[in-house]
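Presented below is the structure to which this report refers.
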Amino acid sequence: MSIVGEIADTLQLLARVVNDTRTLVKSINDGREYLARKHPDAANDFKELLEQMQITVEGLASVTGVVTGFRFTVGSEYAQERDLARFNEYVIDQGKKIEKLRGEIRTLKGSCDRIRELQKSLNKRDGEGWSWSSMFGLLGVEPGPSREDLADAIGEFYTSDERMIETIEETLRLAELALADVDSKLGPPGEARAFNVPAAAQMLRVYAGAFQKSQQDLRRLVKDLEETEAALAG
């Protein structure tokens with residue numbers, strides 16, 4: 001599979017993280033008044049659940065931002081020489097950022113153990129009897145497929161260390177491959193030529209465009225999580 005195909009697959013996975021998390025946020029917002037009326041003592045657990053999710057979403061946004069931040073204009077021969085230096089500096093700096101992020105993977109995600117604890121605690125609070133999805137009864141969601149879908153959305157990405165770490169690692173790997181691909185456009189190993197800057201710039205734009213929507217969606221989701229946490233805190 002080409003790197004473009006691999007990126008597309010990973011971005012589809014990130015889109016699922018965004019969509020599932022947004023569904024969870026909406027369910028909490030929609031049920032906030034019911035929660036305050038019927039189960040006010042559970043609000044702090046929901047708030048902490050959102051906080052742990054936010055850590056993960058912010059981490060993914062940081063990773064997707066590796067290839068989206070470079071801006072320049074390709075113009076005269078002089079500008080190409082100048083942009084060649086900037087390009088080299090950018091690639092080197094982003095490579096260092098990737099290594100730094102790779103070393104911080106476990107801090108880029110929320111605590112899966114804590115999320116499982118909160119989920120278990122909230123499920124036990126529901127007066128209808130414990131089940132995997134009964135926590136959503138605290139928000140006024142009736143038993144049925146909707147509850148199961150919400151519970152699955154948490155379990156799919158947020159309660160498995162291995163699954164989320166693999167997602168972050170794969171996104172970092174593809175960002176690194178994209179930068180290497182862009183760097184190769186500048187010339188053979190050990191060389192970089194100013195007249196290759198336009199081709200390298202175009203390739204970077206393609207990769208940046210691919211990652212940019214995911215990054216924007218993740219950033220908006222962070223804001224939604226923050227606003228919902230604040231609303232729960234009253």
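To be explicit about the labels: the chains of the structure tokens are called A, B, and onward in the order shown, and within each one the residues are counted from 1, while ligands get numbers from 1 in the order they are shown.
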
Shell of 12 Å around range 171-173 of chain A, only C-alpha atoms, local chain residues under 6 positions omitted, as a ChimeraX atom specification: /A:3,6-14,59-67,94-105,108,164-165,179-180,211,214-215

Quick one: residues within 10 Å of Leu35 in chain A, only C-alpha atoms counted, chain neighbours fewer than 3 positions away excluded, as JSON, numbers by chain? {"A": [28, 29, 30, 31, 32, 38, 39, 40, 41, 42, 43, 46, 136, 137, 138, 139, 140, 232]}

Go ahead and write the selection's residues with N, CA and C atoms as a compact mmCIF listing (two decimals), in the first residue's frame.
```txt
# COMPACT_ATOMS: atom_id res chain seq x y z
N ILE A 28 -23.81 13.78 26.61
CA ILE A 28 -23.64 14.40 27.92
C ILE A 28 -24.27 15.78 27.95
N ASN A 29 -24.09 16.54 26.87
CA ASN A 29 -24.73 17.87 26.80
C ASN A 29 -26.25 17.75 26.83
N ASP A 30 -26.78 16.81 26.04
CA ASP A 30 -28.24 16.63 25.96
C ASP A 30 -28.82 16.19 27.30
N GLY A 31 -28.03 15.42 28.06
CA GLY A 31 -28.55 14.89 29.33
C GLY A 31 -28.11 15.66 30.55
N ARG A 32 -27.50 16.82 30.33
CA ARG A 32 -26.92 17.56 31.46
C ARG A 32 -27.99 18.00 32.47
N LYS A 38 -31.50 14.59 38.55
CA LYS A 38 -31.68 13.23 39.09
C LYS A 38 -30.43 12.64 39.73
N HIS A 39 -29.27 12.97 39.19
CA HIS A 39 -28.03 12.34 39.67
C HIS A 39 -26.90 13.36 39.76
N PRO A 40 -27.06 14.43 40.51
CA PRO A 40 -26.02 15.48 40.56
C PRO A 40 -24.68 14.98 41.08
N ASP A 41 -24.71 13.93 41.90
CA ASP A 41 -23.47 13.41 42.46
C ASP A 41 -22.60 12.72 41.42
N ALA A 42 -23.15 12.45 40.23
CA ALA A 42 -22.37 11.78 39.18
C ALA A 42 -21.69 12.76 38.24
N ALA A 43 -21.97 14.05 38.37
CA ALA A 43 -21.45 15.05 37.43
C ALA A 43 -19.92 15.09 37.42
N PHE A 46 -18.45 12.30 35.29
CA PHE A 46 -18.57 12.60 33.86
C PHE A 46 -17.56 13.66 33.44
N PHE A 136 -25.36 5.60 30.93
CA PHE A 136 -26.07 6.59 30.12
C PHE A 136 -27.52 6.76 30.55
N GLY A 137 -27.98 5.88 31.42
CA GLY A 137 -29.27 6.09 32.06
C GLY A 137 -29.23 7.30 32.98
N LEU A 138 -28.03 7.64 33.48
CA LEU A 138 -27.87 8.82 34.32
C LEU A 138 -28.10 10.11 33.53
N LEU A 139 -28.04 9.99 32.21
CA LEU A 139 -28.26 11.14 31.33
C LEU A 139 -29.65 11.11 30.71
N GLY A 140 -30.44 10.13 31.13
CA GLY A 140 -31.81 10.04 30.61
C GLY A 140 -31.93 9.26 29.33
N LEU A 232 -20.57 21.21 33.05
CA LEU A 232 -20.82 20.24 34.12
C LEU A 232 -20.34 20.78 35.46
```

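Here CA of Leu49 in chain A stands at a distance of 16.8 Å from CA of Asn19 in chain A.
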
Write down as number ranges by chain the residues belonging to range 133-208 of chain A that are assigned helix (DSSP H, G or I) by DSSP computed on the backbone. A: 134-139, 145-157, 161-185, 194-208

Provide the CA of Leu174 in chain A to CA of Ile115 in chain A distance in Å, to one decimal place. 27.8 Å

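You can rank A:Ser184, A:Ser131, A:Ser111, A:Ser27 by their closest distance to Phe157 in chain A using only C-alpha atoms, and at the top of that list sits A:Ser111.
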
What does the distance from CA of Arg147 in chain A to CA of Ala231 in chain A come to in Å, to one decimal? 22.1 Å

Nearby residues (only C-alpha atoms) at most 9 Å from Gln54 in chain A, same-chain spacing under 6 positions excluded, as a list in words: Lys109, Gly110, Leu221, Val222, Leu225 and Glu226 of chain A

Hey, can you spit out that residue selection with N, CA and C atoms as a compact mmCIF listing (two decimals), in the first residue's frame?
```
# COMPACT_ATOMS: atom_id res chain seq x y z
N LYS A 109 -2.01 10.55 25.80
CA LYS A 109 -3.36 9.98 25.89
C LYS A 109 -3.83 10.01 27.34
N GLY A 110 -5.13 9.99 27.50
CA GLY A 110 -5.69 9.90 28.84
C GLY A 110 -5.40 8.55 29.46
N LEU A 221 -12.87 19.62 18.49
CA LEU A 221 -13.37 18.68 19.49
C LEU A 221 -12.81 19.01 20.87
N VAL A 222 -11.55 19.42 20.94
CA VAL A 222 -10.97 19.85 22.22
C VAL A 222 -11.80 20.98 22.81
N LEU A 225 -15.05 19.65 24.17
CA LEU A 225 -14.83 18.95 25.43
C LEU A 225 -14.64 19.95 26.57
N GLU A 226 -13.85 20.98 26.31
CA GLU A 226 -13.64 22.00 27.34
C GLU A 226 -14.94 22.67 27.75
```

Which neighbours of Leu186 in chain A fall inside 12 Å, counting only C-alpha atoms, when residues of the same chain fewer than 6 positions from it are skipped, and could you give them as number ranges by chain? A: 80-81, 83-85, 87-88, 91, 179-180, 192-204

I'd like the contact shell of Val18 in chain A - 8 Å cut-off, only C-alpha atoms, skipping same-chain residues fewer than 2 positions apart - returned as a list in words. Leu14, Ala15, Arg16, Asp20, Thr21, Arg22, Asp217, Leu218 and Leu221 of chain A

Produce a file of the selected residues containing C-alpha atoms, as an mmCIF file, in the first residue's frame.
```cif
data_model
loop_
_atom_site.group_PDB
_atom_site.id
_atom_site.type_symbol
_atom_site.label_atom_id
_atom_site.label_comp_id
_atom_site.auth_asym_id
_atom_site.auth_seq_id
_atom_site.Cartn_x
_atom_site.Cartn_y
_atom_site.Cartn_z
ATOM 1 C CA LEU A 14 -8.999 9.444 13.392
ATOM 2 C CA ALA A 15 -12.334 10.500 11.901
ATOM 3 C CA ARG A 16 -13.978 7.646 13.813
ATOM 4 C CA ASP A 20 -17.523 8.754 18.361
ATOM 5 C CA THR A 21 -16.207 11.287 20.860
ATOM 6 C CA ARG A 22 -18.485 13.980 19.482
ATOM 7 C CA ASP A 217 -11.590 18.447 13.636
ATOM 8 C CA LEU A 218 -9.517 17.396 16.644
ATOM 9 C CA LEU A 221 -13.366 18.678 19.491
#
```

Could you name the residues that touch Glu156 in chain A at 9 Å or less, counting only C-alpha atoms, but leaving out those on the same chain fewer than 4 positions away, as a PyMOL selection string? chain A and resi 17+20+151-152+160+163

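Closest approach to Gly234 in chain A among A:Lys185, A:Lys47, A:Arg116, A:Arg219 is made by A:Lys47 (distances from only C-alpha atoms).
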